[in-house]
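Novice: coords38.cif is reproduced below (mmCIF, C-alpha atoms).
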data_coords
loop_
_atom_site.label_atom_id
_atom_site.label_comp_id
_atom_site.auth_asym_id
_atom_site.auth_seq_id
_atom_site.Cartn_x
_atom_site.Cartn_y
_atom_site.Cartn_z
CA MET A 1 97.57 113.07 75.17
CA SER A 2 96.73 111.07 78.25
CA ALA A 3 97.87 111.94 81.77
CA PRO A 4 101.65 112.10 82.17
CA ILE A 5 103.61 109.92 84.56
CA ASP A 6 104.89 111.94 87.50
CA PHE A 7 108.06 110.21 88.59
CA TYR A 8 109.43 111.05 92.07
CA PHE A 9 112.95 109.95 92.89
CA ASP A 10 116.11 110.63 94.87
CA PHE A 11 119.43 110.56 93.04
CA ALA A 12 120.97 108.47 95.84
CA SER A 13 118.16 105.88 95.90
CA PRO A 14 119.19 102.67 94.15
CA TYR A 15 115.62 101.60 93.45
CA SER A 16 115.10 105.07 91.94
CA TYR A 17 118.07 104.46 89.65
CA ILE A 18 116.55 101.15 88.58
CA ALA A 19 113.05 102.56 88.05
CA SER A 20 114.39 105.62 86.23
CA SER A 21 116.10 103.32 83.74
CA LEU A 22 112.78 101.62 82.94
CA ILE A 23 110.12 104.34 83.13
CA ASP A 24 110.77 106.05 79.79
CA GLU A 25 110.35 102.88 77.75
CA ILE A 26 106.98 102.22 79.39
CA ALA A 27 105.91 105.82 78.84
CA GLU A 28 106.94 105.85 75.18
CA LYS A 29 105.16 102.57 74.51
CA TYR A 30 101.87 104.16 75.51
CA GLY A 31 102.45 107.73 74.42
CA ARG A 32 102.82 109.19 77.90
CA ALA A 33 105.15 111.94 79.03
CA VAL A 34 107.36 111.43 82.07
CA ILE A 35 107.76 114.36 84.42
CA ARG A 36 110.72 113.85 86.73
CA HIS A 37 110.61 115.21 90.27
CA PRO A 38 113.84 114.95 92.25
CA LEU A 39 113.38 114.75 96.01
CA VAL A 40 115.80 114.57 98.89
CA VAL A 41 114.59 111.80 101.13
CA GLY A 42 115.49 113.00 104.58
CA THR A 43 113.86 114.79 107.44
CA ALA A 44 110.63 115.54 105.62
CA PHE A 45 110.16 111.91 104.73
CA ARG A 46 110.90 110.59 108.18
CA VAL A 47 107.95 112.68 109.37
CA VAL A 48 105.57 110.91 107.01
CA GLY A 49 106.95 107.49 107.79
CA GLY A 50 109.75 106.92 105.33
CA VAL A 51 112.45 104.52 106.42
CA SER A 52 116.03 104.59 105.26
CA LEU A 53 116.84 101.54 103.19
CA THR A 54 120.12 101.03 104.89
CA GLY A 55 119.44 102.24 108.42
CA MET A 56 118.85 98.81 109.91
CA PRO A 57 121.62 96.22 109.69
CA MET A 58 119.70 93.09 108.61
CA ARG A 59 117.62 95.00 106.15
CA ARG A 60 120.70 96.84 104.92
CA ASP A 61 122.54 93.61 104.10
CA TYR A 62 119.53 92.29 102.26
CA VAL A 63 118.85 95.47 100.36
CA LEU A 64 122.42 95.83 99.09
CA ARG A 65 122.29 92.24 97.91
CA ASP A 66 118.88 92.74 96.34
CA ILE A 67 119.98 95.82 94.40
CA ALA A 68 123.06 94.13 92.93
CA ARG A 69 120.91 91.10 92.03
CA LEU A 70 118.20 93.25 90.44
CA ALA A 71 120.81 95.07 88.38
CA ARG A 72 122.13 91.73 87.09
CA TYR A 73 118.55 90.60 86.43
CA LEU A 74 117.85 93.75 84.41
CA LYS A 75 121.34 93.85 82.87
CA LEU A 76 121.84 97.33 84.26
CA PRO A 77 125.36 98.52 85.13
CA TYR A 78 125.78 98.83 88.90
CA ARG A 79 128.64 99.29 91.32
CA GLN A 80 127.83 99.68 95.00
CA PRO A 81 128.55 103.27 96.03
CA SER A 82 131.08 103.72 98.84
CA HIS A 83 128.83 106.26 100.52
CA GLN A 84 125.21 105.34 101.15
CA SER A 85 122.24 107.62 101.83
CA ILE A 86 124.08 110.80 100.91
CA PRO A 87 122.24 114.13 100.64
CA THR A 88 121.41 115.05 97.06
CA HIS A 89 120.27 118.67 97.30
CA HIS A 90 122.89 119.99 94.87
CA ALA A 91 122.12 117.38 92.23
CA ALA A 92 118.35 117.87 92.66
CA GLN A 93 118.66 121.65 92.37
CA ALA A 94 120.92 121.34 89.34
CA PHE A 95 118.32 119.09 87.74
CA LEU A 96 115.47 121.53 88.44
CA TRP A 97 117.51 124.39 87.03
CA GLY A 98 118.16 122.41 83.86
CA GLN A 99 114.59 121.17 83.62
CA ASP A 100 113.29 124.73 83.44
CA ARG A 101 115.55 125.38 80.49
CA ASP A 102 115.36 122.09 78.58
CA PRO A 103 113.38 119.09 79.89
CA GLU A 104 114.87 116.67 77.33
CA ARG A 105 118.42 117.49 78.27
CA ALA A 106 117.49 117.45 81.95
CA LYS A 107 116.43 113.82 81.50
CA ASP A 108 119.87 113.04 80.07
CA PHE A 109 121.46 114.93 82.96
CA SER A 110 119.43 112.81 85.37
CA ASP A 111 120.74 109.63 83.72
CA ARG A 112 124.25 111.05 83.96
CA VAL A 113 123.92 111.78 87.70
CA PHE A 114 122.58 108.30 88.43
CA SER A 115 125.34 106.79 86.37
CA ALA A 116 128.04 108.79 88.14
CA TYR A 117 126.82 107.58 91.53
CA PHE A 118 125.78 104.00 90.75
CA THR A 119 128.41 102.97 88.23
CA GLU A 120 131.41 105.25 88.79
CA ASP A 121 131.22 105.62 92.57
CA ARG A 122 131.43 109.39 92.35
CA ASN A 123 130.17 111.27 95.38
CA ILE A 124 127.25 113.21 93.94
CA SER A 125 126.65 114.99 97.25
CA ASP A 126 129.81 116.96 96.47
CA MET A 127 129.15 120.28 94.70
CA GLU A 128 132.32 119.94 92.62
CA VAL A 129 131.11 116.60 91.24
CA VAL A 130 127.72 118.11 90.38
CA LEU A 131 129.49 120.99 88.65
CA ASP A 132 131.63 118.52 86.68
CA LEU A 133 128.48 116.86 85.45
CA ALA A 134 126.77 120.17 84.66
CA GLU A 135 129.88 121.28 82.80
CA SER A 136 129.79 118.14 80.69
CA PHE A 137 126.35 119.36 79.59
CA GLY A 138 127.75 122.71 78.57
CA SER A 139 126.97 124.74 81.69
CA PRO A 140 129.85 126.94 82.86
CA ARG A 141 130.74 126.04 86.47
CA LEU A 142 130.28 129.51 87.93
CA GLU A 143 126.91 130.00 86.30
CA ALA A 144 125.78 126.53 87.38
CA LYS A 145 126.97 127.02 90.95
CA ALA A 146 125.18 130.35 91.27
CA ALA A 147 121.95 128.84 89.92
CA ILE A 148 122.11 125.71 92.05
CA THR A 149 122.81 127.54 95.30
CA ALA A 150 120.38 130.42 94.75
CA PRO A 151 117.97 130.75 97.69
CA ALA A 152 115.07 130.59 95.24
CA MET A 153 116.23 127.17 94.04
CA LYS A 154 116.48 125.87 97.61
CA GLU A 155 112.95 127.11 98.20
CA ARG A 156 111.86 125.45 94.98
CA LEU A 157 113.16 122.04 96.06
CA LYS A 158 111.48 122.46 99.43
CA ALA A 159 108.19 123.38 97.78
CA GLU A 160 108.44 120.46 95.34
CA THR A 161 108.93 118.17 98.34
CA GLU A 162 105.86 119.62 100.04
CA VAL A 163 103.80 119.11 96.90
CA ALA A 164 104.98 115.51 96.70
CA ILE A 165 104.06 114.80 100.31
CA SER A 166 100.66 116.42 99.81
CA ARG A 167 100.11 114.03 96.90
CA GLY A 168 100.81 111.05 99.14
CA VAL A 169 104.43 110.41 98.24
CA PHE A 170 106.14 108.85 101.27
CA GLY A 171 109.11 107.16 99.66
CA VAL A 172 110.94 106.79 96.37
CA PRO A 173 110.73 105.81 93.62
CA PHE A 174 107.08 106.79 93.42
CA SER A 175 105.02 107.29 90.28
CA ILE A 176 101.60 108.88 89.96
CA VAL A 177 99.49 108.58 86.80
CA GLY A 178 96.10 110.26 86.71
CA GLY A 179 95.93 110.14 90.50
CA GLU A 180 96.91 106.47 90.79
CA PRO A 181 100.01 105.92 92.96
CA PHE A 182 102.71 103.30 92.34
CA TRP A 183 105.42 102.95 94.97
CA GLY A 184 108.68 101.24 94.25
CA TYR A 185 110.41 99.68 91.29
CA SER A 186 108.32 96.55 91.64
CA ARG A 187 104.99 98.21 90.86
CA LEU A 188 106.10 99.38 87.41
CA VAL A 189 104.53 96.16 86.10
CA LEU A 190 101.16 97.31 87.44
CA LEU A 191 101.75 100.86 86.22
CA GLU A 192 102.38 99.50 82.74
CA LYS A 193 99.14 97.51 82.80
CA TRP A 194 97.31 100.58 84.16
CA VAL A 195 98.48 102.93 81.41
CA GLY A 196 98.30 100.23 78.72
CA GLU A 197 94.88 98.78 79.43
CA GLY A 198 93.27 101.32 81.73
CA ALA A 199 92.26 101.13 85.38
CA PHE A 200 91.67 97.67 86.82
CA MET B 201 115.87 66.92 94.97
CA SER B 202 117.17 70.48 95.01
CA ALA B 203 117.04 72.80 98.00
CA PRO B 204 113.51 73.45 99.28
CA ILE B 205 111.95 76.89 99.46
CA ASP B 206 111.65 78.05 103.05
CA PHE B 207 108.66 80.35 103.10
CA TYR B 208 108.29 82.68 106.11
CA PHE B 209 104.97 84.43 106.61
CA ASP B 210 102.49 85.91 109.04
CA PHE B 211 98.82 84.93 108.72
CA ALA B 212 97.78 88.59 109.11
CA SER B 213 100.19 89.90 106.46
CA PRO B 214 98.41 90.67 103.19
CA TYR B 215 101.55 90.36 101.09
CA SER B 216 102.10 86.97 102.78
CA TYR B 217 98.62 85.95 101.68
CA ILE B 218 99.42 86.97 98.13
CA ALA B 219 102.83 85.28 98.06
CA SER B 220 101.46 82.13 99.70
CA SER B 221 98.94 81.83 96.87
CA LEU B 222 101.75 81.86 94.28
CA ILE B 223 104.67 80.01 95.87
CA ASP B 224 103.45 76.44 95.38
CA GLU B 225 102.99 76.78 91.65
CA ILE B 226 106.56 78.06 91.27
CA ALA B 227 107.87 75.26 93.48
CA GLU B 228 106.01 72.53 91.63
CA LYS B 229 107.16 73.83 88.26
CA TYR B 230 110.77 73.26 89.27
CA GLY B 231 110.37 70.25 91.55
CA ARG B 232 111.03 72.08 94.80
CA ALA B 233 109.38 71.52 98.15
CA VAL B 234 107.90 74.46 100.07
CA ILE B 235 108.43 74.49 103.82
CA ARG B 236 106.08 76.95 105.48
CA HIS B 237 107.22 78.84 108.58
CA PRO B 238 104.54 80.93 110.30
CA LEU B 239 105.87 83.91 112.25
CA VAL B 240 104.21 86.53 114.37
CA VAL B 241 105.60 89.84 113.25
CA GLY B 242 105.71 91.87 116.42
CA THR B 243 108.20 92.75 119.11
CA ALA B 244 110.95 90.49 117.82
CA PHE B 245 110.76 92.02 114.39
CA ARG B 246 110.73 95.58 115.58
CA VAL B 247 114.10 94.85 117.17
CA VAL B 248 115.60 93.84 113.84
CA GLY B 249 114.06 96.73 111.98
CA GLY B 250 110.71 95.53 110.77
CA VAL B 251 108.08 98.17 110.17
CA SER B 252 104.35 97.65 110.41
CA LEU B 253 102.71 98.04 107.03
CA THR B 254 99.92 100.08 108.43
CA GLY B 255 101.58 101.97 111.28
CA MET B 256 102.11 105.20 109.33
CA PRO B 257 99.08 106.98 107.88
CA MET B 258 100.28 107.85 104.36
CA ARG B 259 101.93 104.53 103.89
CA ARG B 260 98.86 102.79 105.33
CA ASP B 261 96.52 104.37 102.79
CA TYR B 262 98.81 103.42 99.95
CA VAL B 263 99.38 99.88 101.16
CA LEU B 264 95.68 99.12 101.56
CA ARG B 265 95.07 100.40 98.04
CA ASP B 266 98.06 98.48 96.69
CA ILE B 267 96.89 95.21 98.22
CA ALA B 268 93.38 95.47 96.79
CA ARG B 269 94.86 96.40 93.39
CA LEU B 270 97.35 93.51 93.49
CA ALA B 271 94.55 91.10 94.34
CA ARG B 272 92.59 92.33 91.30
CA TYR B 273 95.73 92.09 89.16
CA LEU B 274 96.29 88.49 90.27
CA LYS B 275 92.57 87.64 90.29
CA LEU B 276 92.82 86.62 93.92
CA PRO B 277 89.78 86.99 96.20
CA TYR B 278 90.33 89.77 98.74
CA ARG B 279 88.24 91.69 101.20
CA GLN B 280 89.93 94.21 103.45
CA PRO B 281 89.91 92.85 107.01
CA SER B 282 88.20 95.05 109.61
CA HIS B 283 91.07 94.50 112.02
CA GLN B 284 94.60 95.14 110.79
CA SER B 285 97.89 93.89 112.25
CA ILE B 286 96.27 91.43 114.63
CA PRO B 287 98.38 88.93 116.60
CA THR B 288 98.42 85.48 115.03
CA HIS B 289 100.00 83.29 117.68
CA HIS B 290 97.04 80.91 117.93
CA ALA B 291 96.84 80.39 114.18
CA ALA B 292 100.62 79.97 113.89
CA GLN B 293 100.71 77.45 116.73
CA ALA B 294 97.74 75.56 115.27
CA PHE B 295 99.61 75.39 111.97
CA LEU B 296 102.82 74.09 113.57
CA TRP B 297 100.84 71.46 115.47
CA GLY B 298 99.21 70.32 112.24
CA GLN B 299 102.45 70.46 110.26
CA ASP B 300 104.08 67.96 112.61
CA ARG B 301 101.25 65.54 111.93
CA ASP B 302 100.61 66.09 108.22
CA PRO B 303 102.48 68.73 106.17
CA GLU B 304 100.14 68.42 103.18
CA ARG B 305 97.03 69.07 105.21
CA ALA B 306 98.82 71.82 107.11
CA LYS B 307 99.31 73.61 103.77
CA ASP B 308 95.55 73.39 103.17
CA PHE B 309 94.95 74.64 106.71
CA SER B 310 97.25 77.59 105.98
CA ASP B 311 95.21 78.44 102.86
CA ARG B 312 92.04 78.17 104.95
CA VAL B 313 93.34 80.57 107.62
CA PHE B 314 94.42 83.14 105.04
CA SER B 315 91.08 82.81 103.32
CA ALA B 316 89.13 83.26 106.57
CA TYR B 317 91.00 86.48 107.31
CA PHE B 318 91.38 87.98 103.84
CA THR B 319 88.14 86.99 102.18
CA GLU B 320 85.64 86.36 105.00
CA ASP B 321 86.78 89.04 107.45
CA ARG B 322 86.97 86.55 110.29
CA ASN B 323 89.13 87.58 113.23
CA ILE B 324 91.83 84.92 113.18
CA SER B 325 93.42 86.29 116.36
CA ASP B 326 90.40 84.85 118.19
CA MET B 327 91.01 81.35 119.57
CA GLU B 328 87.41 80.33 118.83
CA VAL B 329 87.85 81.18 115.16
CA VAL B 330 91.08 79.17 115.01
CA LEU B 331 89.29 76.25 116.67
CA ASP B 332 86.45 76.52 114.11
CA LEU B 333 89.01 76.21 111.35
CA ALA B 334 90.84 73.33 113.05
CA GLU B 335 87.52 71.58 113.57
CA SER B 336 86.74 71.89 109.86
CA PHE B 337 89.93 69.86 109.34
CA GLY B 338 88.72 67.16 111.69
CA SER B 339 90.47 68.22 114.89
CA PRO B 340 88.24 68.10 117.98
CA ARG B 341 88.15 71.55 119.62
CA LEU B 342 89.37 70.49 123.05
CA GLU B 343 92.26 68.53 121.67
CA ALA B 344 93.21 71.38 119.32
CA LYS B 345 92.99 73.97 122.07
CA ALA B 346 95.17 71.93 124.41
CA ALA B 347 97.78 71.45 121.69
CA ILE B 348 97.78 75.08 120.54
CA THR B 349 98.11 76.53 124.02
CA ALA B 350 100.64 74.02 125.35
CA PRO B 351 103.73 75.80 126.74
CA ALA B 352 105.90 73.66 124.49
CA MET B 353 104.09 75.01 121.42
CA LYS B 354 104.56 78.60 122.55
CA GLU B 355 108.26 77.88 123.00
CA ARG B 356 108.31 76.28 119.59
CA LEU B 357 106.94 79.38 117.88
CA LYS B 358 109.43 81.53 119.77
CA ALA B 359 112.29 79.28 118.72
CA GLU B 360 111.11 79.25 115.10
CA THR B 361 111.12 83.05 115.19
CA GLU B 362 114.65 83.10 116.56
CA VAL B 363 115.81 80.73 113.85
CA ALA B 364 114.20 82.97 111.21
CA ILE B 365 115.91 86.08 112.56
CA SER B 366 119.24 84.29 112.71
CA ARG B 367 118.78 83.46 109.02
CA GLY B 368 118.29 87.13 108.18
CA VAL B 369 114.51 87.27 108.04
CA PHE B 370 113.42 90.78 109.01
CA GLY B 371 109.97 90.95 107.47
CA VAL B 372 107.37 88.84 105.72
CA PRO B 373 106.79 87.30 103.30
CA PHE B 374 110.37 86.09 103.05
CA SER B 375 111.66 83.10 101.10
CA ILE B 376 115.07 81.47 101.33
CA VAL B 377 116.30 78.97 98.73
CA GLY B 378 119.74 77.44 99.17
CA GLY B 379 120.81 80.44 101.25
CA GLU B 380 119.50 83.05 98.81
CA PRO B 381 116.96 85.44 100.40
CA PHE B 382 113.92 86.91 98.64
CA TRP B 383 111.90 89.48 100.57
CA GLY B 384 108.37 90.38 99.61
CA TYR B 385 105.83 89.26 97.09
CA SER B 386 107.55 91.22 94.36
CA ARG B 387 110.77 89.20 94.38
CA LEU B 388 109.00 85.93 93.53
CA VAL B 389 109.81 86.74 89.91
CA LEU B 390 113.50 86.66 90.77
CA LEU B 391 113.07 83.58 92.95
CA GLU B 392 111.47 81.80 90.00
CA LYS B 393 114.37 82.68 87.72
CA TRP B 394 116.82 81.63 90.44
CA VAL B 395 115.31 78.17 90.95
CA GLY B 396 114.51 77.73 87.26
CA GLU B 397 117.81 78.80 85.71
CA GLY B 398 120.22 78.81 88.63
CA ALA B 399 122.04 81.63 90.39
CA PHE B 400 122.56 84.83 88.43
#
Render the structure in this file as structure tokens.
Specialist:
Amino acid sequence: MSAPIDFYFDFASPYSYIASSLIDEIAEKYGRAVIRHPLVVGTAFRVVGGVSLTGMPMRRDYVLRDIARLARYLKLPYRQPSHQSIPTHHAAQAFLWGQDRDPERAKDFSDRVFSAYFTEDRNISDMEVVLDLAESFGSPRLEAKAAITAPAMKERLKAETEVAISRGVFGVPFSIVGGEPFWGYSRLVLLEKWVGEGAF
Amino acid sequence: MSAPIDFYFDFASPYSYIASSLIDEIAEKYGRAVIRHPLVVGTAFRVVGGVSLTGMPMRRDYVLRDIARLARYLKLPYRQPSHQSIPTHHAAQAFLWGQDRDPERAKDFSDRVFSAYFTEDRNISDMEVVLDLAESFGSPRLEAKAAITAPAMKERLKAETEVAISRGVFGVPFSIVGGEPFWGYSRLVLLEKWVGEGAF
């Protein structure tokens, strides 16, 4: 089996939602695994030069328009969330907890979280919403809450973020295949050529 | 004739170089005119939220790699310029001067400037280099220099920049067709669908 695709994302990043909906098909086509790495794009990323998509008014207007247009282009359901740039620690930690237990189901959970935020306008920064989603995957709320909020899981997310930064990840979505970095939804075309035909 | 494609760029922007090499083919395919608008991405753009491609180390490393890779992908000649993010006022003003006299030749001059910077590593911020290029298009150096440095031409570039910002341009390359904005090389695919099949 060739090198897997490491896929870095934030559950509140619209371009992550879009890329996440496309990455598995590319991976399957060429027999690659996808390893999902949730990040919380915030303080750590500002240090390395990340810029909030919606922090600057002109860019914000464009980006919101671009996302809705891209979703129509890709025929992907999309409804603009009421709350932008929300923190996604709970969702990321819930994902990591699930991933340790069952990577396949964690992928479905990831799709579910994105869908809740980008098509149902649910506030996924809210612990109760994350617990609703976890519950729909069969995890009792109390057990899920304890796991998600455990200090070890907070440390885990922090460490995962540090690993990502050390690998050159400065924004999301970001994919790395055999050391080759691909930033953004738009470079999935090049990633596909890279995994399909080899380095160019 | 349908709405033209307004194409905003900076001569020192690598993604502008890439987009400029692709925009005419798209336009011709669908019978659209391309109107080129050189900008100097600097102070004015920082105000509206523009970010230098190469100002942040991690992002810089990635972007330089991405540009070289994109050039290989598109089979476009490319050699990394020794000097990044140079000011391009002289080249922009030379272009505007030429565009008033002959838009077709100004397009060729634009290609020549990009080529000098991105394939020959010539420092296009240098007036003498700009005059070399103008001379190769038949403009006597003294006449070209007088025209490029005329206060009216400086004001013209400033005004063009203000118009661009008022139209929502916050970075380059940026295309606008019938009011619809497309930022970056990567959205040319959507621009092509938009002009080819109509709004979606």
Novice: Find the residue from A:Asp126, A:Asp66, A:Asp24, A:Asp6 that sits nearest to chain B; use only C-alpha atoms when measuring.
Specialist: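 Residue with the minimum atom-to-atom distance to chain B: A:Asp66.
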Novice: Check what the PyMOL selection byres ((chain B) within 10 of (chain A)) selects in the file above and give those residues as an NGL selection string.
Specialist: :B and (247-251 or 255-263 or 265-266 or 269-270 or 272-273 or 365-371 or 380-383 or 385-387 or 390 or 393-394 or 399-400)
Novice: Output the selection as a PDB file, in the frame of the given file - C-alpha atoms for each residue.
Specialist:
ATOM      1  CA  VAL B 247     114.100  94.850 117.170  1.00  0.00           C
ATOM      2  CA  VAL B 248     115.600  93.840 113.840  1.00  0.00           C
ATOM      3  CA  GLY B 249     114.060  96.730 111.980  1.00  0.00           C
ATOM      4  CA  GLY B 250     110.710  95.530 110.770  1.00  0.00           C
ATOM      5  CA  VAL B 251     108.080  98.170 110.170  1.00  0.00           C
ATOM      6  CA  GLY B 255     101.580 101.970 111.280  1.00  0.00           C
ATOM      7  CA  MET B 256     102.110 105.200 109.330  1.00  0.00           C
ATOM      8  CA  PRO B 257      99.080 106.980 107.880  1.00  0.00           C
ATOM      9  CA  MET B 258     100.280 107.850 104.360  1.00  0.00           C
ATOM     10  CA  ARG B 259     101.930 104.530 103.890  1.00  0.00           C
ATOM     11  CA  ARG B 260      98.860 102.790 105.330  1.00  0.00           C
ATOM     12  CA  ASP B 261      96.520 104.370 102.790  1.00  0.00           C
ATOM     13  CA  TYR B 262      98.810 103.420  99.950  1.00  0.00           C
ATOM     14  CA  VAL B 263      99.380  99.880 101.160  1.00  0.00           C
ATOM     15  CA  ARG B 265      95.070 100.400  98.040  1.00  0.00           C
ATOM     16  CA  ASP B 266      98.060  98.480  96.690  1.00  0.00           C
ATOM     17  CA  ARG B 269      94.860  96.400  93.390  1.00  0.00           C
ATOM     18  CA  LEU B 270      97.350  93.510  93.490  1.00  0.00           C
ATOM     19  CA  ARG B 272      92.590  92.330  91.300  1.00  0.00           C
ATOM     20  CA  TYR B 273      95.730  92.090  89.160  1.00  0.00           C
ATOM     21  CA  ILE B 365     115.910  86.080 112.560  1.00  0.00           C
ATOM     22  CA  SER B 366     119.240  84.290 112.710  1.00  0.00           C
ATOM     23  CA  ARG B 367     118.780  83.460 109.020  1.00  0.00           C
ATOM     24  CA  GLY B 368     118.290  87.130 108.180  1.00  0.00           C
ATOM     25  CA  VAL B 369     114.510  87.270 108.040  1.00  0.00           C
ATOM     26  CA  PHE B 370     113.420  90.780 109.010  1.00  0.00           C
ATOM     27  CA  GLY B 371     109.970  90.950 107.470  1.00  0.00           C
ATOM     28  CA  GLU B 380     119.500  83.050  98.810  1.00  0.00           C
ATOM     29  CA  PRO B 381     116.960  85.440 100.400  1.00  0.00           C
ATOM     30  CA  PHE B 382     113.920  86.910  98.640  1.00  0.00           C
ATOM     31  CA  TRP B 383     111.900  89.480 100.570  1.00  0.00           C
ATOM     32  CA  TYR B 385     105.830  89.260  97.090  1.00  0.00           C
ATOM     33  CA  SER B 386     107.550  91.220  94.360  1.00  0.00           C
ATOM     34  CA  ARG B 387     110.770  89.200  94.380  1.00  0.00           C
ATOM     35  CA  LEU B 390     113.500  86.660  90.770  1.00  0.00           C
ATOM     36  CA  LYS B 393     114.370  82.680  87.720  1.00  0.00           C
ATOM     37  CA  TRP B 394     116.820  81.630  90.440  1.00  0.00           C
ATOM     38  CA  ALA B 399     122.040  81.630  90.390  1.00  0.00           C
ATOM     39  CA  PHE B 400     122.560  84.830  88.430  1.00  0.00           C
TER      40      PHE B 400
END
Novice: If we count all atoms listed in the file, what is near range 152-161 of chain A at a cut-off of 10 Å, once residues fewer than 6 positions away on the same chain are taken out, given as a ChimeraX atom specification?
Specialist: /A:8,37-41,44-45,89-90,92-94,96-97,146,167,169
Novice: Could you state the separation of CA of Glu304 in chain B and CA of Gly396 in chain B in Å, given to one decimal place?
Specialist: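 Here the two named atoms are 23.4 Å from each other.
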Novice: Give me, as a list of chain:residue names, all polymer residues having an atom no more than 6 Å from range 111-121 of chain A, counting all atoms listed in the file and skipping those fewer than 3 positions away in the same chain.
Specialist: A:Tyr78, A:Arg79, A:Pro81, A:Asp108
Novice: Separation of CA of Leu76 in chain A and CA of Ser21 in chain A, in Å?
Specialist: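 That distance, rounded to one decimal, is 8.3 Å.
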Novice: Report the residues retrieved by the PyMOL selection byres ((chain A and resi 2) around 12) from the displayed file, expressed as a list in words.
Specialist: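 With the shown file as input, the PyMOL selection byres ((chain A and resi 2) around 12) matches Met1, Ala3, Pro4, Ile5, Ala27, Glu28, Tyr30, Gly31, Arg32, Ala33, Val34, Val177, Gly178, Val195, Gly196 and Gly198 of chain A.
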Novice: What's the 8 Å shell around Phe109 in chain A, counting only C-alpha atoms, without same-chain residues fewer than 5 positions away, as a list in words?
Specialist: Phe95, Leu133, Ala134 and Phe137 of chain A
Novice: Using only C-alpha atoms, find the one residue out of A:Phe7, A:Ile26, A:Ser20, A:Glu135 that sits nearest to Glu192 in chain A.
Specialist: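 Distance minimum relative to Glu192 in chain A lands on A:Ile26.
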Novice: To one decimal place, how far is CA of Pro140 in chain A from CA of Met127 in chain A in Å?
Specialist: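 The value is 13.6 Å.
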Novice: Hey, what's within 8 Å of Ser213 in chain B if we count all atoms listed in the file and toss same-chain stuff fewer than 6 positions away? As a PyMOL selection string, please?
Specialist: chain B and resi 285+372-373
Novice: Could you tell me, as JSON, numbers by chain, exactly which residues end up selected when the PyMOL selection byres ((chain A and resi 82) around 9) is applied to this structure?
Specialist: {"A": [80, 81, 83, 84, 121, 122, 123]}
